[in-house]
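See below for data-v2.txt, which holds compact mmCIF, C-alpha atoms.
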# COMPACT_ATOMS: atom_id res chain seq x y z
CA MET A 58 23.07 95.95 147.54
CA ASP A 59 25.91 97.23 149.71
CA ARG A 60 29.26 98.29 148.42
CA ALA A 61 30.99 94.99 149.18
CA ASP A 62 28.39 93.09 147.12
CA LEU A 63 28.67 95.58 144.29
CA GLN A 64 32.42 95.29 144.38
CA ALA A 65 32.26 91.50 144.28
CA ARG A 66 29.84 91.63 141.36
CA ALA A 67 32.04 94.13 139.50
CA TRP A 68 35.13 92.01 140.14
CA ASP A 69 33.40 88.90 138.80
CA ALA A 70 32.34 90.75 135.64
CA ALA A 71 35.81 92.17 134.96
CA ALA A 72 37.62 88.99 135.99
CA SER A 73 35.73 86.90 133.46
CA VAL A 74 37.33 88.73 130.51
CA PRO A 75 39.61 86.35 128.58
CA ASP A 76 43.07 87.46 127.53
CA PRO A 77 42.81 88.45 123.84
CA GLU A 78 46.05 86.67 122.88
CA VAL A 79 45.76 83.68 125.22
CA PRO A 80 42.00 83.13 125.52
CA CYS A 81 42.29 79.97 127.67
CA VAL A 82 42.98 82.20 130.68
CA THR A 83 41.33 85.35 131.98
CA VAL A 84 42.91 88.69 132.68
CA ALA A 85 42.44 87.91 136.38
CA ASP A 86 44.21 84.52 136.01
CA LEU A 87 47.21 86.31 134.50
CA GLY A 88 47.29 88.99 137.19
CA ILE A 89 46.70 91.75 134.63
CA LEU A 90 43.49 92.82 136.41
CA ARG A 91 44.78 94.18 139.72
CA SER A 92 41.62 95.40 141.44
CA VAL A 93 38.08 96.62 140.97
CA ASP A 94 36.72 99.15 143.47
CA ILE A 95 33.48 101.06 143.72
CA ASP A 96 34.22 104.75 144.29
CA ALA A 97 32.08 107.28 146.18
CA ASP A 98 29.96 107.97 143.09
CA GLY A 99 29.28 104.29 142.53
CA VAL A 100 31.66 104.11 139.57
CA ALA A 101 33.49 100.78 139.15
CA VAL A 102 37.20 101.61 138.90
CA ALA A 103 39.20 98.76 137.37
CA ARG A 104 43.00 98.81 137.57
CA VAL A 105 44.99 96.91 134.99
CA THR A 106 48.72 96.54 134.48
CA PRO A 107 50.42 95.81 131.16
CA THR A 108 52.52 92.64 130.86
CA TYR A 109 55.12 94.30 128.63
CA SER A 110 55.51 98.07 128.08
CA GLY A 111 54.78 97.64 124.40
CA CYS A 112 52.15 94.91 124.60
CA PRO A 113 49.64 95.78 121.85
CA ALA A 114 46.93 93.84 123.71
CA THR A 115 46.92 96.33 126.60
CA LEU A 116 44.42 98.61 124.89
CA ALA A 117 42.21 95.70 123.82
CA ILE A 118 42.21 94.40 127.41
CA GLU A 119 41.25 97.79 128.83
CA LEU A 120 38.40 98.07 126.34
CA ALA A 121 37.18 94.52 127.05
CA VAL A 122 37.20 95.12 130.83
CA GLU A 123 35.30 98.37 130.35
CA THR A 124 32.74 96.66 128.12
CA ALA A 125 32.27 93.76 130.56
CA LEU A 126 31.63 96.17 133.43
CA ARG A 127 29.16 98.22 131.40
CA GLU A 128 27.30 95.09 130.39
CA ALA A 129 27.05 94.18 134.07
CA GLY A 130 25.36 97.54 134.61
CA PHE A 131 28.22 99.60 135.99
CA GLU A 132 29.40 103.08 135.21
CA THR A 133 33.10 102.43 134.83
CA ARG A 134 36.60 103.79 134.54
CA VAL A 135 39.74 101.80 133.71
CA GLU A 136 43.09 102.95 135.07
CA ARG A 137 46.49 101.72 133.96
CA VAL A 138 48.95 101.08 136.78
CA LEU A 139 52.68 100.48 136.28
CA SER A 140 53.71 99.82 139.85
CA PRO A 141 54.28 97.19 141.05
CA ALA A 142 55.53 95.90 137.71
CA TRP A 143 53.74 92.83 136.38
CA THR A 144 55.53 89.56 136.90
CA THR A 145 54.82 86.01 135.75
CA ASN A 146 54.88 85.07 139.47
CA TRP A 147 51.32 86.43 139.58
CA ILE A 148 50.08 83.65 137.33
CA GLY A 149 48.44 81.14 139.66
CA ALA A 150 48.84 77.35 139.65
CA ASP A 151 45.40 76.81 138.03
CA ALA A 152 46.20 79.24 135.25
CA ARG A 153 49.56 77.57 134.66
CA GLU A 154 47.77 74.26 134.20
CA LYS A 155 45.29 75.88 131.80
CA LEU A 156 48.19 77.27 129.77
CA ARG A 157 49.82 73.85 129.58
CA GLU A 158 46.56 72.20 128.44
CA TYR A 159 46.22 74.92 125.80
CA GLY A 160 49.69 74.05 124.47
CA ILE A 161 51.72 76.88 125.99
CA ALA A 162 54.49 75.92 128.39
CA PRO A 163 53.92 77.98 131.58
CA PRO A 164 56.69 80.21 132.97
CA VAL A 165 59.25 78.40 135.08
CA GLU A 166 60.66 81.13 137.30
CA ALA A 167 61.05 84.89 137.26
CA SER A 168 64.22 86.12 135.64
CA GLY A 169 65.39 89.55 134.60
CA SER A 170 68.38 89.68 136.89
CA ILE A 171 71.73 90.49 135.34
CA ARG A 172 72.93 87.03 136.30
CA SER A 173 70.39 85.51 133.96
CA LEU A 174 72.58 86.57 131.03
CA PHE A 175 72.97 83.34 129.05
CA GLY A 176 71.06 81.51 131.80
CA GLU A 177 69.22 78.52 130.39
CA THR A 178 65.91 77.41 131.81
CA GLU A 179 64.53 73.89 131.67
CA VAL A 180 61.21 74.05 129.84
CA ALA A 181 58.98 70.98 129.61
CA CYS A 182 57.08 70.28 126.39
CA PRO A 183 53.35 70.97 127.03
CA ARG A 184 52.44 68.06 124.75
CA CYS A 185 54.60 65.13 125.86
CA GLY A 186 56.21 66.51 129.02
CA SER A 187 59.78 65.89 127.88
CA THR A 188 62.38 68.37 129.09
CA GLU A 189 64.50 67.64 126.00
CA THR A 190 63.52 70.94 124.45
CA ALA A 191 65.41 73.60 122.54
CA ARG A 192 64.84 77.31 122.38
CA VAL A 193 64.31 78.44 118.81
CA SER A 194 63.97 82.12 119.63
CA GLU A 195 63.54 84.14 122.78
CA PHE A 196 60.90 86.18 120.96
CA GLY A 197 57.69 84.52 119.83
CA SER A 198 54.26 85.33 118.46
CA THR A 199 53.53 87.86 121.22
CA PRO A 200 55.82 89.90 123.50
CA CYS A 201 55.18 87.52 126.43
CA LYS A 202 56.13 84.31 124.64
CA ALA A 203 59.29 82.58 123.42
CA HIS A 204 59.49 79.99 120.69
CA TYR A 205 60.60 76.43 121.57
CA ARG A 206 60.80 73.01 119.94
CA CYS A 207 60.50 69.62 121.64
CA GLU A 208 63.37 67.30 120.70
CA ALA A 209 61.40 64.24 121.84
CA CYS A 210 58.07 64.62 120.04
CA LEU A 211 59.33 67.30 117.61
CA GLU A 212 56.37 69.56 118.36
CA PRO A 213 57.07 73.32 118.15
CA PHE A 214 55.48 75.24 121.03
CA ASP A 215 55.23 78.60 122.76
CA TYR A 216 56.78 79.18 126.16
CA PHE A 217 55.28 81.89 128.35
CA LYS A 218 58.52 83.60 129.27
CA CYS A 219 59.45 84.67 132.76
CA ILE A 220 59.68 88.30 133.60
CA MET B 149 63.46 120.37 139.30
CA LYS B 150 60.39 120.12 137.06
CA GLU B 151 62.30 121.43 134.04
CA GLU B 152 65.17 119.01 134.53
CA LEU B 153 62.79 116.08 134.96
CA PHE B 154 60.91 117.05 131.81
CA GLU B 155 64.19 117.29 129.87
CA LEU B 156 65.26 113.88 131.14
CA LEU B 157 61.96 112.30 130.10
CA ILE B 158 62.25 113.84 126.63
CA ARG B 159 65.85 112.63 126.21
CA LEU B 160 65.01 109.13 127.34
CA GLY B 161 61.71 109.02 125.46
CA ASP B 162 63.47 110.18 122.28
CA ASP B 163 66.20 107.54 122.70
CA HIS B 164 63.54 104.84 122.87
CA LEU B 165 61.22 106.16 120.17
CA VAL B 166 64.01 106.77 117.66
CA LEU B 167 65.73 103.45 118.30
CA GLY B 168 62.36 101.68 118.35
CA HIS B 169 61.61 103.21 114.95
CA ARG B 170 64.99 102.13 113.59
CA VAL B 171 64.58 98.56 114.85
CA SER B 172 61.03 98.40 113.46
CA GLU B 173 62.48 99.10 110.00
CA TRP B 174 63.66 95.48 110.06
CA CYS B 175 60.08 94.19 110.11
CA GLY B 176 59.73 92.01 107.02
CA HIS B 177 63.44 92.37 106.16
CA ALA B 178 65.27 90.44 108.87
CA PRO B 179 67.70 87.72 107.72
CA MET B 180 65.57 84.89 109.16
CA LEU B 181 62.03 84.37 110.42
CA GLU B 182 62.94 84.21 114.11
CA GLU B 183 64.71 87.56 113.82
CA ASP B 184 61.76 88.97 111.95
CA LEU B 185 59.79 88.25 115.14
CA ALA B 186 62.54 89.19 117.57
CA LEU B 187 63.41 92.62 116.20
CA PRO B 188 59.83 93.95 116.00
CA ASN B 189 59.24 92.51 119.50
CA ILE B 190 62.19 94.56 120.75
CA ALA B 191 60.95 97.60 118.82
CA LEU B 192 57.57 97.20 120.55
CA ASP B 193 59.23 97.18 123.96
CA LEU B 194 61.21 100.31 123.09
CA ILE B 195 58.21 102.17 121.72
CA GLY B 196 56.12 101.05 124.71
CA GLN B 197 58.78 102.46 127.04
CA ALA B 198 58.81 105.70 125.01
CA ARG B 199 55.03 105.95 125.38
CA SER B 200 55.22 105.71 129.18
CA LEU B 201 58.02 108.29 129.27
CA TYR B 202 56.24 110.74 126.95
CA THR B 203 52.92 110.40 128.77
CA TYR B 204 54.70 111.24 132.02
CA ALA B 205 56.62 114.08 130.33
CA GLY B 206 53.29 115.58 129.25
CA GLU B 207 52.01 115.37 132.85
CA VAL B 208 55.17 116.94 134.26
CA GLU B 209 55.04 119.74 131.71
CA GLY B 210 51.38 120.42 132.52
CA ARG B 211 50.48 122.00 129.20
CA GLY B 212 48.10 119.28 128.13
CA ARG B 213 50.36 117.59 125.58
CA ASP B 214 49.84 113.84 125.24
CA GLU B 215 52.28 111.17 124.08
CA ASP B 216 51.33 111.56 120.42
CA GLN B 217 51.85 115.31 120.34
CA ILE B 218 55.27 114.87 121.89
CA ALA B 219 56.24 111.97 119.63
CA TYR B 220 54.99 113.22 116.29
CA VAL B 221 54.86 116.97 115.90
CA ARG B 222 58.16 118.34 117.16
CA LEU B 223 60.91 119.65 114.91
CA GLU B 224 64.22 117.86 114.48
CA ARG B 225 66.12 120.15 116.86
CA ASP B 226 63.60 119.40 119.61
CA TYR B 227 64.52 115.70 119.66
CA HIS B 228 67.23 115.09 122.25
CA ASN B 229 68.11 111.46 121.57
CA LEU B 230 71.57 109.96 121.61
CA LEU B 231 73.15 110.00 118.15
CA LEU B 232 73.74 106.26 118.55
CA THR B 233 69.99 105.58 118.44
CA GLU B 234 69.47 107.32 115.10
CA ARG B 235 72.35 105.60 113.30
CA PRO B 236 71.02 103.77 110.24
CA ASN B 237 70.48 100.04 110.53
CA GLY B 238 73.25 99.21 108.06
CA ASP B 239 73.74 95.46 107.89
CA PHE B 240 72.61 93.05 110.62
CA ALA B 241 75.99 93.43 112.36
CA HIS B 242 75.54 97.20 112.71
CA THR B 243 72.06 96.71 114.15
CA ILE B 244 73.24 94.12 116.65
CA VAL B 245 76.22 96.17 117.83
CA ARG B 246 74.00 99.25 118.24
CA GLN B 247 71.55 97.12 120.26
CA LEU B 248 74.36 95.77 122.42
CA PHE B 249 75.84 99.19 123.21
CA PHE B 250 72.49 100.77 124.01
CA SER B 251 70.79 97.91 125.88
CA VAL B 252 73.78 97.26 128.15
CA PHE B 253 73.75 100.95 129.07
CA MET B 254 69.99 101.03 129.61
CA GLN B 255 69.93 97.89 131.72
CA ALA B 256 72.33 99.55 134.15
CA TRP B 257 70.43 102.85 133.94
CA TRP B 258 67.00 101.31 134.60
CA ARG B 259 68.35 99.21 137.45
CA GLU B 260 69.50 102.37 139.22
CA ALA B 261 66.31 104.24 138.27
CA VAL B 262 64.20 101.59 140.04
CA LYS B 263 65.45 103.30 143.23
CA SER B 264 64.41 106.76 141.99
CA THR B 265 62.83 109.15 144.47
CA ASP B 266 60.33 109.89 141.69
CA GLU B 267 57.63 107.22 142.00
CA THR B 268 56.45 107.27 138.40
CA LEU B 269 59.96 107.03 136.97
CA ALA B 270 60.70 104.19 139.40
CA ALA B 271 57.57 102.35 138.20
CA ILE B 272 58.49 102.76 134.52
CA ALA B 273 62.02 101.57 135.36
CA ALA B 274 60.79 98.49 137.25
CA LYS B 275 59.02 97.37 134.12
CA ALA B 276 61.69 98.37 131.62
CA VAL B 277 64.63 96.80 133.47
CA LYS B 278 63.15 93.34 132.93
CA GLU B 279 62.60 93.98 129.24
CA ALA B 280 66.12 95.37 128.84
CA ALA B 281 67.52 92.09 130.21
CA TYR B 282 66.05 90.30 127.18
CA HIS B 283 67.45 92.92 124.82
CA VAL B 284 70.93 92.55 126.29
CA ARG B 285 70.80 88.77 126.01
CA HIS B 286 69.57 88.90 122.41
CA ALA B 287 72.30 91.32 121.32
CA ALA B 288 75.05 89.60 123.33
CA GLU B 289 74.24 86.16 121.96
CA TRP B 290 74.31 87.43 118.37
CA THR B 291 77.52 89.36 119.01
CA ILE B 292 79.20 86.18 120.18
CA ARG B 293 77.80 84.05 117.37
CA LEU B 294 78.80 86.52 114.66
CA GLY B 295 82.09 87.73 116.16
CA ASP B 296 83.24 84.15 116.72
CA GLY B 297 81.65 83.02 113.46
CA THR B 298 82.87 82.97 109.90
CA GLU B 299 85.58 85.21 108.49
CA GLU B 300 82.86 87.27 106.81
CA SER B 301 80.68 87.66 109.94
CA ALA B 302 83.70 88.52 112.11
CA HIS B 303 84.81 91.13 109.60
CA ARG B 304 81.37 92.73 109.51
CA MET B 305 81.20 92.83 113.30
CA GLU B 306 84.61 94.51 113.48
CA GLU B 307 83.45 97.10 110.96
CA ALA B 308 80.28 97.73 112.95
CA VAL B 309 82.14 98.08 116.25
CA SER B 310 84.58 100.53 114.74
CA ALA B 311 81.79 102.56 113.08
CA LEU B 312 79.62 102.80 116.21
CA TRP B 313 82.25 103.12 118.92
CA PRO B 314 82.50 106.93 118.48
CA TYR B 315 78.80 107.14 119.41
CA THR B 316 79.13 105.42 122.79
CA GLY B 317 80.75 108.27 124.75
CA GLU B 318 77.62 110.38 124.54
CA MET B 319 75.70 107.92 126.75
CA PHE B 320 77.88 108.84 129.74
CA GLU B 321 77.90 112.62 129.27
CA THR B 322 76.84 114.75 132.20
CA ASP B 323 75.51 118.30 132.27
CA ALA B 324 73.48 120.54 134.58
CA VAL B 325 70.38 118.38 133.99
CA THR B 326 71.94 115.04 134.88
CA GLU B 327 73.78 116.57 137.84
CA ALA B 328 70.65 118.12 139.33
CA LEU B 329 68.67 114.89 138.90
CA ALA B 330 71.43 112.72 140.35
CA GLU B 331 71.73 115.10 143.30
CA ALA B 332 67.99 114.77 143.96
CA GLY B 333 68.11 110.97 143.65
CA ILE B 334 65.72 111.07 140.68
CA ALA B 335 67.98 109.59 138.01
CA PRO B 336 71.41 107.95 137.99
CA ASP B 337 74.49 109.95 137.03
CA PRO B 338 75.25 108.44 133.60
CA SER B 339 79.01 108.71 134.11
CA SER B 340 78.71 106.39 137.12
CA LEU B 341 77.53 103.59 134.80
CA LYS B 342 80.63 103.65 132.58
CA ALA B 343 82.70 101.14 134.54
CA GLU B 344 79.95 98.53 134.50
CA TRP B 345 79.24 99.13 130.80
CA ASP B 346 82.95 98.75 129.99
CA LYS B 347 83.07 95.49 131.91
CA VAL B 348 79.97 93.91 130.34
CA ILE B 349 81.08 94.92 126.84
CA ALA B 350 84.61 93.62 127.49
CA ASP B 351 83.20 90.27 128.72
CA VAL B 352 80.98 89.86 125.66
CA PHE B 353 83.76 90.97 123.30
CA ALA B 354 86.16 88.49 124.89
CA GLU B 355 83.78 85.63 124.05
CA ALA B 356 83.07 87.11 120.63
CA LEU B 357 86.80 87.45 119.85
CA LEU B 358 86.24 91.15 119.21
CA SER B 359 88.22 94.02 120.62
CA ALA B 360 87.19 97.50 121.60
CA PRO B 361 88.93 100.25 119.64
CA ASP B 362 91.42 102.46 121.46
CA GLU B 363 89.71 105.48 122.95
CA ALA B 364 88.71 107.41 119.85
CA TRP B 365 87.29 110.86 119.32
CA GLN B 366 83.65 110.82 120.42
CA GLN B 367 80.63 112.29 118.67
CA SER B 368 78.33 114.55 120.67
CA GLY B 369 75.35 116.83 120.16
CA GLY B 370 72.24 114.66 120.26
CA ARG B 371 71.25 115.87 123.74
CA LYS B 372 71.25 119.43 122.36
CA GLY B 373 69.25 118.54 119.26
CA ARG B 374 72.18 118.46 116.82
CA HIS B 375 71.68 115.39 114.64
CA GLY B 376 73.20 113.56 111.71
CA GLU B 377 71.58 114.02 108.32
CA GLU B 378 69.85 110.62 108.61
CA MET B 379 67.60 111.98 111.37
CA GLY B 380 65.58 114.14 108.98
CA TYR B 381 64.75 111.13 106.83
CA LEU B 382 63.79 109.12 109.89
CA LEU B 383 61.43 111.85 111.10
CA ALA B 384 59.90 112.26 107.63
CA ASP B 385 58.92 108.61 107.82
CA LEU B 386 57.94 108.63 111.52
CA GLN B 387 55.88 111.83 111.35
CA TYR B 388 54.30 111.40 107.95
CA ILE B 389 50.74 110.59 109.04
CA GLN B 390 50.52 113.38 111.62
CA ARG B 391 52.01 115.90 109.17
CA ALA B 392 49.72 114.87 106.32
CA TYR B 393 46.59 114.56 108.48
CA PRO B 394 47.13 116.74 111.57
CA ASP B 395 45.47 115.44 114.75
CA MET B 396 44.16 112.32 113.07
CA THR B 397 43.54 109.37 115.41
CA TRP B 398 42.93 105.70 114.72
Please go through the file and, once you have read it, give me the structure as structure tokens.
Amino acid sequence: MDRADLQARAWDAAASVPDPEVPCVTVADLGILRSVDIDADGVAVARVTPTYSGCPATLAIELAVETALREAGFETRVERVLSPAWTTNWIGADAREKLREYGIAPPVEASGSIRSLFGETEVACPRCGSTETARVSEFGSTPCKAHYRCEACLEPFDYFKCI
Amino acid sequence: MKEELFELLIRLGDDHLVLGHRVSEWCGHAPMLEEDLALPNIALDLIGQARSLYTYAGEVEGRGRDEDQIAYVRLERDYHNLLLTERPNGDFAHTIVRQLFFSVFMQAWWREAVKSTDETLAAIAAKAVKEAAYHVRHAAEWTIRLGDGTEESAHRMEEAVSALWPYTGEMFETDAVTEALAEAGIAPDPSSLKAEWDKVIADVFAEALLSAPDEAWQQSGGRKGRHGEEMGYLLADLQYIQRAYPDMTW
């Protein structure tokens, strides 16, 4: 098997790892898995980036990626990369749909600019689709989620916040 | 420049670890459930930022220290955090005002540090600046709600502003370390961020019906390891496991 095949096989193994907090999507769907390369010694080097600096799942994700690669027969090393900083823009359209089906409203747009102070975003309820929703708290069950409530169907839900 | 960079990373790492520890003290004690999620979330961000800074500090120093050795086994005088970050939580108003003062400063600091000539610091900043935006919004929204709230909440906010104002000047202090790093384009000159900080705080205070005290005498000393008495108690709590069971790991 040449290096390109090995690399593709290693990528597939690592990319299949589900996110520990949001298991409906994989670490590749979320853009957390940045790359998998085969180095000169044949070691599969996976690069992952944390979503938030303090995300407690980062370590679990690194371990799961390492395990998946070992199970696929690779010697492996996982590296943490900070640059470029992770952004919700890396979550693809398919993954956004999977999040919605799972009951988590997908991110609407990247924020983080100083102008976003007090900026309100329109978030659609993942259950009934209504945009009559209210933010309960900007901080939810995990660092990447905010807590919302639908005013139409009254369902509380998580919103995957933009960063 | 290595020594100055190391000192900067220790100062900044200590700011974030100590404040992160303080904020985490609210876990299980916040006035409402949403805040009991919000404050530990913010503490996690701060401690996560401290971890990146300490890990890099250990690399710059080159003596094989990792983040845990830097975080847990130094003596009080070796912590160079701002005195503001070690102030006790007090009531919710004190915590919110402390968050507002610090996060508005850090948002400006990180935004400048994204342009750092030091690649690793720029990468840490690119991540942290987005998190700081959430911290600013959280603190600013509470400041407005409580300042322009009931007589009791407004009174408590005024007390908190007046108690913590003397700890804000230290954020903008310059010395040989900050000057050398600013010169080299590694880190922003903190005094250059004062005008923006003043403006953001004034805007929030205007909506919150609060006023900034007249320029008062300012506390100083944290950057040189001179702390208030509360710091010893904080470290006793923070360092307990590593002191009781040296080198233990999970």
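Across B:Leu341, B:Ala324, B:Ala219, B:Val352, the tightest approach to chain A is made by B:Val352 when counting all atoms listed in the file.
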Determine the axis-aligned bounding box of all atoms of range 370-382 of chain B present in the file, pad each side by 3 Å, and express its centre and edge lengths in Å to one decimal place as lines of an AutoDock Vina configuration file.
center_x = 68.5
center_y = 114.3
center_z = 115.3
size_x = 15.4
size_y = 16.3
size_z = 22.9
Extract, using all atoms listed in the file, all DNA, RNA and protein residues at most 8 Å from range 159-169 of chain B, discarding same-chain residues fewer than 3 positions from it, and format them as a list in words.
->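 The contact residues come out as Glu155, Leu156, Ser172, Glu173, Ile190, Ala191, Leu192, Asp193, Leu194, Ile195, Gln197, Ala198, Arg199, Leu201, Tyr202, Ala219, Tyr227, His228, Asn229, Leu230, Thr233, Glu234, Arg371 and Leu386 of chain B.
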If you count all atoms listed in the file, which residues fall within 10 Å of Phe131 in chain A, apart from same-chain ones fewer than 6 positions away, as JSON, numbers by chain?
-> {"A": [63, 66, 67, 70, 95, 99, 100, 101, 102, 123, 124, 125]}
When the cut-off is 10 Å and we count all atoms listed in the file, which residues of chain B are near chain A, given as a PyMOL selection string?
-> chain B and resi 181-200+255-256+259+267-286+288-289
Using all atoms listed in the file, which residues sit within 7 Å of Tyr205 in chain A once same-chain residues fewer than 4 positions away are excluded, as number ranges by chain?
-> A: 190-194, 213-216
